[in-house]
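This is my_file.txt. It holds compact mmCIF, C-alpha atoms.
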# COMPACT_ATOMS: atom_id res chain seq x y z
CA MET A 1 -8.85 -7.83 -44.36
CA LYS A 2 -5.85 -7.69 -46.64
CA ALA A 3 -3.26 -10.04 -45.18
CA LEU A 4 -3.94 -13.71 -44.73
CA ARG A 5 -0.54 -14.44 -43.24
CA ASN A 6 -0.30 -15.13 -39.52
CA PRO A 7 0.47 -11.81 -37.70
CA LEU A 8 3.19 -13.54 -35.64
CA GLU A 9 4.87 -14.79 -38.78
CA ARG A 10 4.83 -11.26 -40.18
CA ALA A 11 6.21 -9.74 -36.95
CA ILE A 12 9.11 -12.13 -36.39
CA ASN A 13 12.50 -10.63 -37.30
CA HIS A 14 11.01 -7.14 -37.54
CA GLY A 15 12.37 -5.65 -34.31
CA SER A 16 12.17 -6.13 -30.58
CA ALA A 17 8.80 -6.93 -29.10
CA GLY A 18 10.14 -6.27 -25.60
CA SER A 19 10.26 -2.47 -25.80
CA GLY A 20 6.49 -2.09 -25.30
CA VAL A 21 6.85 -3.32 -21.73
CA HIS A 22 8.98 -0.28 -20.89
CA HIS A 23 6.13 2.04 -21.87
CA TRP A 24 3.70 0.08 -19.71
CA TRP A 25 5.99 0.27 -16.66
CA ALA A 26 6.84 3.94 -17.24
CA GLN A 27 3.14 4.80 -17.36
CA ARG A 28 2.43 2.92 -14.10
CA PHE A 29 5.52 4.26 -12.33
CA SER A 30 4.66 7.88 -13.18
CA ALA A 31 1.01 7.21 -12.24
CA ILE A 32 2.01 6.00 -8.76
CA LEU A 33 4.27 9.06 -8.30
CA LEU A 34 1.42 11.33 -9.36
CA VAL A 35 -0.97 10.09 -6.64
CA PRO A 36 0.76 11.91 -3.73
CA LEU A 37 1.86 14.76 -6.03
CA THR A 38 -1.73 15.39 -7.15
CA LEU A 39 -2.88 15.43 -3.52
CA TRP A 40 -0.19 18.07 -2.89
CA LEU A 41 -1.51 20.04 -5.91
CA VAL A 42 -5.08 19.97 -4.56
CA TRP A 43 -3.80 21.08 -1.14
CA THR A 44 -1.80 23.87 -2.81
CA LEU A 45 -4.81 25.07 -4.82
CA ALA A 46 -6.90 25.10 -1.63
CA VAL A 47 -4.24 27.14 0.21
CA LEU A 48 -3.73 29.58 -2.67
CA ALA A 49 -7.39 30.11 -3.58
CA GLY A 50 -8.00 33.81 -3.05
CA ALA A 51 -4.42 34.36 -1.84
CA ASP A 52 -2.57 37.46 -3.08
CA TYR A 53 0.61 37.51 -5.16
CA ALA A 54 3.03 37.66 -2.21
CA ALA A 55 1.39 34.68 -0.49
CA ALA A 56 1.44 32.59 -3.70
CA ARG A 57 5.12 33.43 -4.26
CA ASP A 58 6.04 32.61 -0.65
CA TRP A 59 4.28 29.25 -0.95
CA ILE A 60 6.14 28.14 -4.10
CA ALA A 61 9.44 29.66 -2.84
CA SER A 62 9.68 27.31 0.16
CA PRO A 63 12.20 24.53 -0.61
CA TRP A 64 9.68 21.79 0.19
CA ASN A 65 6.95 23.18 -2.07
CA ALA A 66 9.38 24.08 -4.86
CA SER A 67 10.66 20.47 -4.82
CA MET A 68 7.14 19.09 -4.91
CA ALA A 69 6.21 21.46 -7.76
CA ILE A 70 9.22 20.38 -9.83
CA LEU A 71 8.46 16.69 -9.23
CA LEU A 72 4.79 17.30 -10.12
CA VAL A 73 5.67 19.11 -13.35
CA GLY A 74 8.16 16.42 -14.39
CA ALA A 75 5.87 13.49 -13.62
CA THR A 76 2.83 15.24 -15.14
CA PHE A 77 4.40 16.02 -18.51
CA TYR A 78 6.06 12.59 -18.70
CA HIS A 79 2.78 10.81 -17.90
CA ALA A 80 0.79 13.09 -20.24
CA ARG A 81 3.20 12.41 -23.09
CA LEU A 82 3.00 8.63 -22.55
CA GLY A 83 -0.81 8.74 -22.44
CA MET A 84 -1.22 11.01 -25.46
CA GLN A 85 1.20 8.77 -27.37
CA VAL A 86 -1.10 5.76 -26.91
CA VAL A 87 -4.22 7.77 -27.77
CA ILE A 88 -2.63 8.98 -31.02
CA GLU A 89 -1.37 5.47 -31.85
CA ASP A 90 -4.89 4.09 -31.37
CA TYR A 91 -6.99 6.65 -33.21
CA VAL A 92 -4.83 8.32 -35.89
CA HIS A 93 -4.52 5.87 -38.76
CA HIS A 94 -2.83 8.20 -41.22
CA ARG A 95 0.88 7.51 -40.78
CA ALA A 96 2.30 10.92 -41.70
CA LEU A 97 -0.25 12.74 -39.52
CA GLU A 98 0.40 10.30 -36.68
CA VAL A 99 4.17 10.85 -36.70
CA THR A 100 3.69 14.63 -36.92
CA LEU A 101 1.33 14.59 -33.92
CA GLN A 102 3.69 12.39 -31.92
CA ILE A 103 6.57 14.82 -32.51
CA LEU A 104 4.39 17.84 -31.67
CA VAL A 105 3.10 16.26 -28.44
CA ALA A 106 6.59 15.19 -27.34
CA ALA A 107 7.95 18.68 -28.08
CA ALA A 108 5.04 20.40 -26.31
CA ALA A 109 5.51 18.21 -23.22
CA LEU A 110 9.24 18.95 -23.12
CA ILE A 111 8.72 22.70 -23.58
CA GLY A 112 5.96 22.77 -20.95
CA ALA A 113 8.17 20.93 -18.45
CA VAL A 114 11.20 23.18 -19.04
CA VAL A 115 9.24 26.48 -18.91
CA SER A 116 7.46 25.37 -15.72
CA MET A 117 10.64 24.24 -13.99
CA ILE A 118 12.53 27.45 -14.88
CA ALA A 119 9.59 29.47 -13.49
CA ILE A 120 9.58 27.43 -10.24
CA LEU A 121 13.37 27.72 -9.86
CA LYS A 122 13.28 31.48 -10.49
CA VAL A 123 10.68 31.91 -7.73
CA ALA A 124 12.57 29.52 -5.43
CA PHE A 125 15.93 31.30 -5.84
CA THR A 126 14.69 34.91 -5.81
CA GLY A 127 12.20 34.42 -2.96
CA MET B 1 -7.13 11.66 -46.43
CA GLU B 2 -5.84 8.22 -47.16
CA THR B 3 -5.71 5.90 -44.20
CA ASN B 4 -4.04 2.52 -44.08
CA GLN B 5 -6.09 -0.62 -44.57
CA ARG B 6 -4.95 -2.67 -41.62
CA PRO B 7 -7.80 -4.54 -39.90
CA LEU B 8 -9.06 -2.95 -36.68
CA SER B 9 -10.63 -4.70 -33.73
CA PRO B 10 -14.40 -4.17 -33.38
CA HIS B 11 -15.01 -0.96 -31.50
CA LEU B 12 -17.70 1.57 -30.59
CA GLN B 13 -19.94 0.85 -33.55
CA ILE B 14 -20.07 -2.87 -32.66
CA TYR B 15 -20.26 -3.05 -28.88
CA ARG B 16 -23.19 -1.82 -26.81
CA PRO B 17 -21.88 0.73 -24.28
CA GLN B 18 -21.63 -0.70 -20.76
CA TRP B 19 -20.92 1.01 -17.44
CA THR B 20 -17.33 -0.27 -17.38
CA SER B 21 -16.60 0.57 -21.02
CA VAL B 22 -18.04 4.09 -20.63
CA LEU B 23 -15.78 4.67 -17.60
CA SER B 24 -12.84 3.29 -19.58
CA ILE B 25 -13.24 5.77 -22.43
CA LEU B 26 -13.88 8.54 -19.87
CA HIS B 27 -10.46 7.75 -18.40
CA ARG B 28 -8.92 8.51 -21.79
CA ILE B 29 -11.05 11.61 -22.40
CA SER B 30 -10.19 12.99 -18.94
CA GLY B 31 -6.51 12.23 -19.58
CA VAL B 32 -6.56 14.19 -22.85
CA LEU B 33 -8.42 17.06 -21.11
CA LEU B 34 -5.79 17.11 -18.35
CA SER B 35 -2.97 17.10 -20.91
CA VAL B 36 -4.50 20.15 -22.60
CA GLY B 37 -5.11 21.70 -19.16
CA THR B 38 -1.39 21.61 -18.34
CA VAL B 39 -1.22 24.81 -20.43
CA LEU B 40 -3.05 26.56 -17.56
CA MET B 41 -0.48 25.24 -15.07
CA VAL B 42 2.37 26.59 -17.23
CA ILE B 43 0.61 29.98 -17.56
CA TRP B 44 0.09 30.16 -13.79
CA LEU B 45 3.74 29.35 -12.99
CA ALA B 46 5.11 31.66 -15.71
CA ALA B 47 2.96 34.56 -14.47
CA LEU B 48 4.05 33.90 -10.87
CA ALA B 49 7.71 34.07 -11.91
CA GLN B 50 7.14 37.12 -14.13
CA GLY B 51 5.91 39.48 -11.41
CA GLU B 52 2.88 40.92 -9.67
CA GLN B 53 1.41 42.68 -12.71
CA ALA B 54 1.53 39.54 -14.86
CA TYR B 55 0.06 37.53 -11.96
CA GLN B 56 -2.89 39.92 -11.57
CA SER B 57 -3.75 39.88 -15.28
CA MET B 58 -3.46 36.04 -15.25
CA ILE B 59 -5.89 35.88 -12.29
CA GLY B 60 -8.23 38.19 -14.22
CA PHE B 61 -8.00 35.91 -17.25
CA MET B 62 -8.68 32.78 -15.14
CA SER B 63 -11.72 34.45 -13.53
CA SER B 64 -13.56 34.95 -16.83
CA PRO B 65 -16.75 32.83 -17.08
CA LEU B 66 -15.37 30.63 -19.90
CA LEU B 67 -12.15 29.84 -18.01
CA LEU B 68 -14.11 29.24 -14.80
CA VAL B 69 -16.18 26.57 -16.56
CA ALA B 70 -12.96 25.08 -17.99
CA LEU B 71 -11.35 25.04 -14.54
CA ILE B 72 -14.37 23.27 -12.99
CA ALA B 73 -14.31 20.67 -15.81
CA TRP B 74 -10.55 20.34 -15.30
CA THR B 75 -11.02 19.74 -11.55
CA LEU B 76 -13.60 17.02 -12.25
CA ALA B 77 -11.29 15.44 -14.85
CA LEU B 78 -8.40 15.57 -12.35
CA PHE B 79 -10.32 13.84 -9.54
CA TYR B 80 -11.85 11.29 -11.93
CA HIS B 81 -8.51 10.43 -13.56
CA LEU B 82 -6.78 10.23 -10.15
CA LEU B 83 -9.40 7.93 -8.60
CA ASN B 84 -9.99 5.82 -11.71
CA GLY B 85 -6.21 5.62 -12.17
CA ILE B 86 -5.94 4.07 -8.70
CA ARG B 87 -8.69 1.64 -9.80
CA HIS B 88 -6.60 0.73 -12.85
CA LEU B 89 -3.49 0.25 -10.68
CA LEU B 90 -5.46 -2.13 -8.44
CA TRP B 91 -6.55 -4.06 -11.55
CA ASP B 92 -2.90 -4.29 -12.58
CA THR B 93 -2.26 -6.32 -9.42
CA GLY B 94 -4.90 -8.80 -10.63
CA THR B 95 -7.54 -7.91 -8.01
CA MET B 96 -11.12 -6.62 -8.29
CA LEU B 97 -11.45 -7.76 -11.88
CA GLU B 98 -14.73 -9.63 -11.41
CA LEU B 99 -17.87 -7.93 -12.75
CA LYS B 100 -19.31 -6.99 -9.37
CA PRO B 101 -16.28 -5.20 -7.85
CA ALA B 102 -15.43 -3.68 -11.26
CA ARG B 103 -18.89 -2.08 -11.49
CA ALA B 104 -19.06 -1.12 -7.79
CA SER B 105 -15.60 0.50 -7.80
CA GLY B 106 -16.67 2.41 -10.92
CA TRP B 107 -19.65 3.88 -9.08
CA LEU B 108 -17.44 4.72 -6.09
CA VAL B 109 -14.99 6.56 -8.37
CA VAL B 110 -17.74 8.60 -10.09
CA VAL B 111 -19.50 9.55 -6.85
CA LEU B 112 -16.23 10.50 -5.12
CA ALA B 113 -15.00 12.54 -8.12
CA LEU B 114 -18.28 14.50 -8.25
CA ALA B 115 -18.32 14.97 -4.46
CA LEU B 116 -14.69 16.19 -4.28
CA THR B 117 -15.26 18.61 -7.18
CA ALA B 118 -18.37 19.95 -5.44
CA ILE B 119 -16.45 20.36 -2.14
CA VAL B 120 -13.53 22.19 -3.79
CA TRP B 121 -15.68 24.58 -5.86
CA GLY B 122 -18.33 24.91 -3.16
CA GLY B 123 -15.61 26.35 -0.94
CA LEU B 124 -14.29 28.63 -3.71
CA LEU B 125 -17.45 30.09 -5.22

Write out the structure in this file as structure tokens.
Amino acid sequence: MKALRNPLERAINHGSAGSGVHHWWAQRFSAILLVPLTLWLVWTLAVLAGADYAAARDWIASPWNASMAILLVGATFYHARLGMQVVIEDYVHHRALEVTLQILVAAAALIGAVVSMIAILKVAFTG
Amino acid sequence: METNQRPLSPHLQIYRPQWTSVLSILHRISGVLLSVGTVLMVIWLAALAQGEQAYQSMIGFMSSPLLLVALIAWTLALFYHLLNGIRHLLWDTGTMLELKPARASGWLVVVLALALTAIVWGGLL
């Protein structure tokens, strides 16, 4: 151990300690949303297993299913980003590598969400 | 690679694995697996929007033995993370934290996750 100073004494005046609570709530809120959305996903996979292209397209094109798909994609990538953030914070102890991974994960989650939503909207609006 | 020298709390090399701690790290591992698996969801949606030809080649790709194994593992990770996530949400309310319900709910989660995966893939294969 390098520092003998009290951790609290070192932390005081070095930024807000309240912001961590937001992450905790955001993770729980998206988790609760994902419970019904995941059940919808499982139902969808059961319906579409072995279905042909037209049937799969019809399923996603319905306004109800398109809405659920968009909510699922949004909540999934948000929750995944929050979870991966904590995993990287906990296990990657090389600062430059950690920051690089955090940026890559955040970018990948954003790109995944946008590409998925555009695909859903295209199917929803072109039938 | 140089890592920083901040003290870390005692971890895997100190503690003997217990049922609850194994399930805890499995929650993380399944979460990372699911995050990686979102790529398959994006591919599926993109192929659906692209057209019938793209959709057929995507289905062909997903039916390869390697992807089939990945999809089964992904299904198990999904059910485990969903059920164990509900367990975590219940803990967040301050309930079921005693050793007995914590262990019992862990068994329930594992058995249900395996059973649901078997039901889903039993119907598909």

Leaving out region 45-48 of chain A and any residue of its chain fewer than 4 positions from it, which residues lie within 12 Å of it when counting all atoms listed in the file, given as a PDB file with C-alpha atoms, in the coordinates of the input?
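File produced: around-v9.pdb:
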ATOM      1  CA  THR A  38      -1.730  15.390  -7.150  1.00  0.00           C
ATOM      2  CA  LEU A  39      -2.880  15.430  -3.520  1.00  0.00           C
ATOM      3  CA  TRP A  40      -0.190  18.070  -2.890  1.00  0.00           C
ATOM      4  CA  LEU A  41      -1.510  20.040  -5.910  1.00  0.00           C
ATOM      5  CA  ASP A  52      -2.570  37.460  -3.080  1.00  0.00           C
ATOM      6  CA  TYR A  53       0.610  37.510  -5.160  1.00  0.00           C
ATOM      7  CA  ALA A  54       3.030  37.660  -2.210  1.00  0.00           C
ATOM      8  CA  ALA A  55       1.390  34.680  -0.490  1.00  0.00           C
ATOM      9  CA  ALA A  56       1.440  32.590  -3.700  1.00  0.00           C
ATOM     10  CA  ARG A  57       5.120  33.430  -4.260  1.00  0.00           C
ATOM     11  CA  ASP A  58       6.040  32.610  -0.650  1.00  0.00           C
ATOM     12  CA  TRP A  59       4.280  29.250  -0.950  1.00  0.00           C
ATOM     13  CA  ILE A  60       6.140  28.140  -4.100  1.00  0.00           C
ATOM     14  CA  ALA A  69       6.210  21.460  -7.760  1.00  0.00           C
TER      15      ALA A  69
ATOM     16  CA  MET B  41      -0.480  25.240 -15.070  1.00  0.00           C
ATOM     17  CA  TRP B  44       0.090  30.160 -13.790  1.00  0.00           C
ATOM     18  CA  ILE B  59      -5.890  35.880 -12.290  1.00  0.00           C
ATOM     19  CA  LEU B  71     -11.350  25.040 -14.540  1.00  0.00           C
ATOM     20  CA  THR B  75     -11.020  19.740 -11.550  1.00  0.00           C
ATOM     21  CA  THR B 117     -15.260  18.610  -7.180  1.00  0.00           C
ATOM     22  CA  ILE B 119     -16.450  20.360  -2.140  1.00  0.00           C
ATOM     23  CA  VAL B 120     -13.530  22.190  -3.790  1.00  0.00           C
ATOM     24  CA  TRP B 121     -15.680  24.580  -5.860  1.00  0.00           C
ATOM     25  CA  GLY B 122     -18.330  24.910  -3.160  1.00  0.00           C
ATOM     26  CA  GLY B 123     -15.610  26.350  -0.940  1.00  0.00           C
ATOM     27  CA  LEU B 124     -14.290  28.630  -3.710  1.00  0.00           C
TER      28      LEU B 124
END

Output as a tab-separated table one row per residue of chain A within 7 Å of chain B: the closest atom pair and its distance in Å to one decimal place, counting all atoms listed in the file, sorted by chain and residue number ascending.
residue	atom	partner	partner_atom	distance
A:Met1	CA	B:Pro7	CA	5.6
A:Val35	CA	B:Leu82	CA	6.8
A:Tyr53	CA	B:Glu52	CA	6.1
A:Arg57	CA	B:Leu48	CA	6.7
A:Ala80	CA	B:Ser35	CA	5.5
A:Met84	CA	B:Val32	CA	6.7
A:His93	CA	B:Thr3	CA	5.6
A:His94	CA	B:Thr3	CA	4.7
A:Gly112	CA	B:Val42	CA	6.4
A:Ser116	CA	B:Val42	CA	5.4
A:Ala119	CA	B:Ala49	CA	5.2
A:Ile120	CA	B:Leu45	CA	6.7
A:Lys122	CA	B:Ala49	CA	6.3
A:Val123	CA	B:Ala49	CA	5.6

Any chance you can output those residues with C-alpha atoms as a compact mmCIF listing (two decimals), in the coordinates of the input?
# COMPACT_ATOMS: atom_id res chain seq x y z
CA MET A 1 -8.85 -7.83 -44.36
CA VAL A 35 -0.97 10.09 -6.64
CA TYR A 53 0.61 37.51 -5.16
CA ARG A 57 5.12 33.43 -4.26
CA ALA A 80 0.79 13.09 -20.24
CA MET A 84 -1.22 11.01 -25.46
CA HIS A 93 -4.52 5.87 -38.76
CA HIS A 94 -2.83 8.20 -41.22
CA GLY A 112 5.96 22.77 -20.95
CA SER A 116 7.46 25.37 -15.72
CA ALA A 119 9.59 29.47 -13.49
CA ILE A 120 9.58 27.43 -10.24
CA LYS A 122 13.28 31.48 -10.49
CA VAL A 123 10.68 31.91 -7.73

| note | Min atom-atom distance to Leu34 (chain A) from the set A:Leu104, A:Ala75, A:Ala96, A:Ile88, counting all atoms listed in the file, belongs to A:Ala75

| request: Measure the distance from CA of Ser30 (chain B) to CA of Gln85 (chain A) in Å and round it to one decimal. | output: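 Computed distance, CA of Ser30 (chain B) to CA of Gln85 (chain A), equals 14.8 Å.
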
| request: Please identify all polymer residues within 10 Å of Gly106 (chain B), counting all atoms listed in the file, omitting same-chain residues fewer than 3 positions from it, and present them as an MDAnalysis selection string. | output: chainID B and resid 19:20 22:24 83:84 87 100:103 109:112

| request: Find the distance between CA of Leu33 (chain B) and CA of Met68 (chain A) and write it in Å to one decimal. | output: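 CA of Leu33 (chain B) sits 22.6 Å away from CA of Met68 (chain A).
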
| message | Here is a test: counting all atoms listed in the file, which residue of B:Gln18, B:Leu26, B:Ala104, B:Gly37 is nearest to Phe77 (chain A)? | response |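 Distance minimum relative to Phe77 (chain A) lands on B:Gly37.
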
| said: Which residue is closest to Ala31 (chain A)? Choose from B:Ile25, B:Met96, B:Leu90, B:Leu114 and count all atoms listed in the file. | reply: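 Smallest distance to Ala31 (chain A) is found for B:Leu90.
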
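In this model, the gap between CA of His23 (chain A) and CA of Gln102 (chain A) comes to 14.6 Å.
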